[in-house]
Amino acid sequence: MAALRTALAALSLALATSAAAQQGYPNKPIKMIIPLAAASAVDNAARIVTQKMSASMGQQIVVENIPGAAGLIGTGNVAKAAPDGYTIGGFNDSIMTMLPNMHANPGWDILRDFEPVSLVATIEWGLVANNDAPIRSAADLIAAAKAKPGEVNYGSGGNGSPQHVAMALFASQAGVTMTHVPYKGATQAALGVAAGDVPVAFQGLATVAGLVRGGKLRLVGVTANAPLASFPDAPTVASSGLPGFQFNSWFTVMAPAGTPKEIVARLNAEIRKALADPGVQAQLRDQGLTIRGTSPEELAAATREQLARYARLFREANIKAE
């Protein structure tokens with residue numbers, strides 16, 4: 001009986017805490033941790049969406065970038081945060097489904113330590129080259145890599161980052177060998193290509209849209225299955241050198257495990273409301289994003305499916321943490 005009374009008391013306390021957390025939510029600013037560098041694709045998209053959410057919810061959503069270790073550090077901060085809806089994460093699928101397949105113990109479990117909120121958008125990608133590099137198509141890159149195996153460098157946002165994975169998959173499918181040059185973030189890698197430190201990289205278009213439109217980078221091809229309205233002159237990588245190649249990434253919102261379902265539902269509803277706004281839609285599409293907006297259950301299912309998909313692809317392409 002004593003044990004039963006203790007259990008009931010603990011349950012009552014948990015319910016009371018949950019109710020208190022939900023009362024008037026939100027009644028103070030919300031922090032969104034992005035475990036990636038500022039001006040990355042997820043960061044750019046998050047700032048567009050959260051600005052609209054802040055206006056609707058009556059509380060500011062403060063975006064805080066905590067880059068490092070391809071996202072492991074900032075993601076751990078979200079996992080350890082209080083599950084009260086006042087700390088959430090803006091993640092890409094590298095964090096959610098690539099890193100867990102490359103690290104035996106990343107310090108958190110994406111399925112156990114987080115509550116899915118929404119897949120906000122998919123980020124379309126492109127192959128970019130330095131303006132002075134003799135690479136004007138995917139076929140040119142494959143030819144250069146075959147002519148000098150291991151001598152063509154490519155930049156990425158770090159080991160296990162989407163830029164790393166995209167090029168590793170490209171090289172595997174093309175049957176070529178290139179040298180990986182990891183930077184501290186996607187933005188730094190894009191600037192490295194623009195400066196000529198490395199000749200090429202795969203990048204989320206939201207990261208490099210300004211550099212491409214400003215003439216600082218050449219967009220060689222897009223990794224969608226058809227040309228994009230936002231970059232109509234860029235062919236697909238599949239049609240310009242590597243048939244069948246496709247790649248994109250996610251912008252998702254996640255909360256710490258144990259966040260009350262009512263708060264998760266409120267955040268999901270506010271994300272969908274922001275995505276329905278024509279101004280937000282125009283900004284996201286201009287950045288090369290495809291608008292999604294899913295239920296928490298749909299994101300959970302997609303995460304499990306993508307984890308399994310990358311486990312298989314990484315084995316086949318022999319992609320490992322370096």
# chains A, B, ... in the order shown; residues from 1 in each chain; ligands from 1
$ residues_around --residues "stretch 262-267 of chain A" --least-positions-apart "5" --cutoff "10 Å" --atoms "only C-alpha atoms" --output "number ranges by chain"
A: 18-19, 21-23, 25-26, 53, 57, 83-86, 88, 115-118, 253-255, 272-273, 295-296
$ residues_around --residues "A:Ala224" --least-positions-apart "4" --cutoff "8 Å" --atoms "only C-alpha atoms" --output "JSON, numbers by chain"
{"A": [124, 125, 228, 236, 237, 246, 247, 248]}
$ write_last_selection --atoms "all heavy atoms" --output "PDB file, in the first residue's frame"
ATOM      1  N   GLU A 124      15.761  21.461 -50.911  1.00  0.00           N
ATOM      2  CA  GLU A 124      16.309  20.986 -52.182  1.00  0.00           C
ATOM      3  C   GLU A 124      17.796  21.326 -52.251  1.00  0.00           C
ATOM      4  O   GLU A 124      18.245  22.318 -51.678  1.00  0.00           O
ATOM      5  CB  GLU A 124      15.549  21.604 -53.355  1.00  0.00           C
ATOM      6  CG  GLU A 124      14.036  21.370 -53.311  1.00  0.00           C
ATOM      7  CD  GLU A 124      13.637  19.900 -53.274  1.00  0.00           C
ATOM      8  OE1 GLU A 124      14.450  19.043 -53.674  1.00  0.00           O
ATOM      9  OE2 GLU A 124      12.508  19.614 -52.846  1.00  0.00           O
ATOM     10  N   TRP A 125      18.530  20.498 -52.952  1.00  0.00           N
ATOM     11  CA  TRP A 125      19.995  20.591 -52.958  1.00  0.00           C
ATOM     12  C   TRP A 125      20.539  20.819 -54.358  1.00  0.00           C
ATOM     13  O   TRP A 125      19.858  20.584 -55.356  1.00  0.00           O
ATOM     14  CB  TRP A 125      20.586  19.307 -52.374  1.00  0.00           C
ATOM     15  CG  TRP A 125      20.567  19.317 -50.880  1.00  0.00           C
ATOM     16  CD1 TRP A 125      19.469  19.396 -50.067  1.00  0.00           C
ATOM     17  CD2 TRP A 125      21.696  19.276 -50.015  1.00  0.00           C
ATOM     18  NE1 TRP A 125      19.853  19.409 -48.755  1.00  0.00           N
ATOM     19  CE2 TRP A 125      21.205  19.327 -48.695  1.00  0.00           C
ATOM     20  CE3 TRP A 125      23.066  19.187 -50.220  1.00  0.00           C
ATOM     21  CZ2 TRP A 125      22.053  19.303 -47.587  1.00  0.00           C
ATOM     22  CZ3 TRP A 125      23.907  19.157 -49.122  1.00  0.00           C
ATOM     23  CH2 TRP A 125      23.399  19.219 -47.826  1.00  0.00           C
ATOM     24  N   LEU A 228      13.940  22.977 -60.864  1.00  0.00           N
ATOM     25  CA  LEU A 228      13.197  23.740 -59.869  1.00  0.00           C
ATOM     26  C   LEU A 228      12.796  25.104 -60.412  1.00  0.00           C
ATOM     27  O   LEU A 228      13.579  25.761 -61.113  1.00  0.00           O
ATOM     28  CB  LEU A 228      14.054  23.923 -58.616  1.00  0.00           C
ATOM     29  CG  LEU A 228      14.526  22.643 -57.915  1.00  0.00           C
ATOM     30  CD1 LEU A 228      15.459  22.989 -56.765  1.00  0.00           C
ATOM     31  CD2 LEU A 228      13.334  21.835 -57.414  1.00  0.00           C
ATOM     32  N   THR A 236      19.034  18.983 -63.740  1.00  0.00           N
ATOM     33  CA  THR A 236      19.174  18.032 -62.652  1.00  0.00           C
ATOM     34  C   THR A 236      20.513  17.313 -62.783  1.00  0.00           C
ATOM     35  O   THR A 236      21.052  17.160 -63.891  1.00  0.00           O
ATOM     36  CB  THR A 236      18.048  16.989 -62.652  1.00  0.00           C
ATOM     37  OG1 THR A 236      18.152  16.178 -63.824  1.00  0.00           O
ATOM     38  CG2 THR A 236      16.689  17.664 -62.600  1.00  0.00           C
ATOM     39  N   VAL A 237      21.056  16.890 -61.653  1.00  0.00           N
ATOM     40  CA  VAL A 237      22.288  16.094 -61.679  1.00  0.00           C
ATOM     41  C   VAL A 237      22.042  14.796 -62.443  1.00  0.00           C
ATOM     42  O   VAL A 237      22.907  14.324 -63.198  1.00  0.00           O
ATOM     43  CB  VAL A 237      22.760  15.805 -60.239  1.00  0.00           C
ATOM     44  CG1 VAL A 237      23.889  14.773 -60.221  1.00  0.00           C
ATOM     45  CG2 VAL A 237      23.220  17.104 -59.557  1.00  0.00           C
ATOM     46  N   GLN A 246      19.389  11.387 -56.771  1.00  0.00           N
ATOM     47  CA  GLN A 246      18.518  12.369 -56.119  1.00  0.00           C
ATOM     48  C   GLN A 246      18.954  12.526 -54.670  1.00  0.00           C
ATOM     49  O   GLN A 246      19.465  11.583 -54.068  1.00  0.00           O
ATOM     50  CB  GLN A 246      17.052  11.938 -56.152  1.00  0.00           C
ATOM     51  CG  GLN A 246      16.427  11.932 -57.528  1.00  0.00           C
ATOM     52  CD  GLN A 246      14.956  11.570 -57.486  1.00  0.00           C
ATOM     53  OE1 GLN A 246      14.229  12.001 -56.596  1.00  0.00           O
ATOM     54  NE2 GLN A 246      14.504  10.783 -58.441  1.00  0.00           N
ATOM     55  N   PHE A 247      18.748  13.720 -54.122  1.00  0.00           N
ATOM     56  CA  PHE A 247      19.092  13.958 -52.719  1.00  0.00           C
ATOM     57  C   PHE A 247      18.362  15.211 -52.253  1.00  0.00           C
ATOM     58  O   PHE A 247      18.302  16.205 -52.969  1.00  0.00           O
ATOM     59  CB  PHE A 247      20.603  14.162 -52.555  1.00  0.00           C
ATOM     60  CG  PHE A 247      21.067  14.242 -51.120  1.00  0.00           C
ATOM     61  CD1 PHE A 247      21.387  13.088 -50.413  1.00  0.00           C
ATOM     62  CD2 PHE A 247      21.179  15.460 -50.472  1.00  0.00           C
ATOM     63  CE1 PHE A 247      21.805  13.138 -49.094  1.00  0.00           C
ATOM     64  CE2 PHE A 247      21.596  15.534 -49.153  1.00  0.00           C
ATOM     65  CZ  PHE A 247      21.909  14.370 -48.457  1.00  0.00           C
ATOM     66  N   ASN A 248      17.790  15.143 -51.068  1.00  0.00           N
ATOM     67  CA  ASN A 248      17.308  16.354 -50.404  1.00  0.00           C
ATOM     68  C   ASN A 248      17.448  16.140 -48.900  1.00  0.00           C
ATOM     69  O   ASN A 248      17.922  15.089 -48.453  1.00  0.00           O
ATOM     70  CB  ASN A 248      15.872  16.730 -50.800  1.00  0.00           C
ATOM     71  CG  ASN A 248      14.832  15.718 -50.347  1.00  0.00           C
ATOM     72  OD1 ASN A 248      15.082  14.876 -49.496  1.00  0.00           O
ATOM     73  ND2 ASN A 248      13.653  15.790 -50.930  1.00  0.00           N
TER      74      ASN A 248
END
$ closest_atom_pairs --of "stretch 95-169 of chain A" --to "stretch 203-208 of chain A" --cutoff "9 Å" --atoms "only C-alpha atoms" --output "tab-separated table"
residue	atom	partner	partner_atom	distance
A:Ile123	CA	A:Gly204	CA	6.1
A:Glu124	CA	A:Gly204	CA	5.9
A:Trp125	CA	A:Gly204	CA	4.3
A:Gly126	CA	A:Gln203	CA	5.6
A:Leu127	CA	A:Gln203	CA	6.5
A:Val128	CA	A:Gln203	CA	7.1
A:Ser156	CA	A:Gln203	CA	8.1
A:Pro162	CA	A:Gln203	CA	8.1
A:Gln163	CA	A:Gln203	CA	5.9
A:Ala166	CA	A:Gln203	CA	8.7
$ closest_atom_pairs --of "stretch 113-152 of chain A" --to "stretch 194-199 of chain A" --cutoff "8 Å" --atoms "only C-alpha atoms" --output "Markdown table"
| residue | atom | partner | partner_atom | distance |
| --- | --- | --- | --- | --- |
| A:Ala129 | CA | A:Pro199 | CA | 5.6 |
| A:Asn130 | CA | A:Pro199 | CA | 5.2 |
| A:Asn131 | CA | A:Ala194 | CA | 7.4 |
| A:Asp132 | CA | A:Gly196 | CA | 7.7 |
| A:Ala133 | CA | A:Pro199 | CA | 6.0 |
| A:Val152 | CA | A:Pro199 | CA | 7.7 |
$ atom_distance --atom1 "atom CA of A:Asp109" --atom2 "atom CA of A:Ile291"
26.7 Å
$ atom_distance --atom1 "atom CA of A:Phe231" --atom2 "atom CA of A:Leu275"
21.4 Å
$ atom_distance --atom1 "atom CA of A:Pro243" --atom2 "atom CA of A:Gly185"
28.8 Å
$ residues_around --residues "A:Ser161" --least-positions-apart "5" --cutoff "12 Å" --atoms "only C-alpha atoms" --output "VMD selection string"
chain A and resid 35 to 37 40 67 to 72 91 to 102 155 to 156 166 to 168 180 to 186 189 201 to 204 249 319 to 322
$ select_by_dssp --residues "stretch 67-240 of chain A" --states "helix (DSSP H, G or I)" --output "ChimeraX atom specification"
/A:69-80,93-102,138-147,162-174,186-195,205-213
$ select_by_dssp --residues "stretch 58-143 of chain A" --states "strand (DSSP E or B)" --output "list in words"
Ile61, Val62, Val63, Glu64, Asn65, Thr87, Ile88, Gly89, Gly90, Phe91, Phe114, Glu115, Pro116, Val117, Ser118, Leu119, Val120, Ala121, Thr122, Ile123, Glu124, Trp125, Gly126, Leu127, Val128 and Ala129 of chain A
$ closest_residue --among "A:Gly214, A:Asn77, A:Met32, A:Ile48" --to "A:Glu64" --atoms "only C-alpha atoms"
A:Met32
$ residues_around --residues "stretch 170-173 of chain A" --least-positions-apart "2" --cutoff "9 Å" --atoms "only C-alpha atoms" --output "number ranges by chain"
A: 142, 145, 165-168, 175-178, 242, 245, 316-318
$ closest_residue --among "A:Thr187, A:Ala229, A:Thr294, A:Thr223" --to "A:Ala269" --atoms "only C-alpha atoms"
A:Thr294
$ closest_residue --among "A:Lys28, A:Lys148, A:His103, A:Lys52" --to "A:Glu270" --atoms "only C-alpha atoms"
A:Lys52
$ closest_residue --among "A:Gln59, A:Ala138, A:Val42, A:Ala226" --to "A:Gly24" --atoms "only C-alpha atoms"
A:Gln59
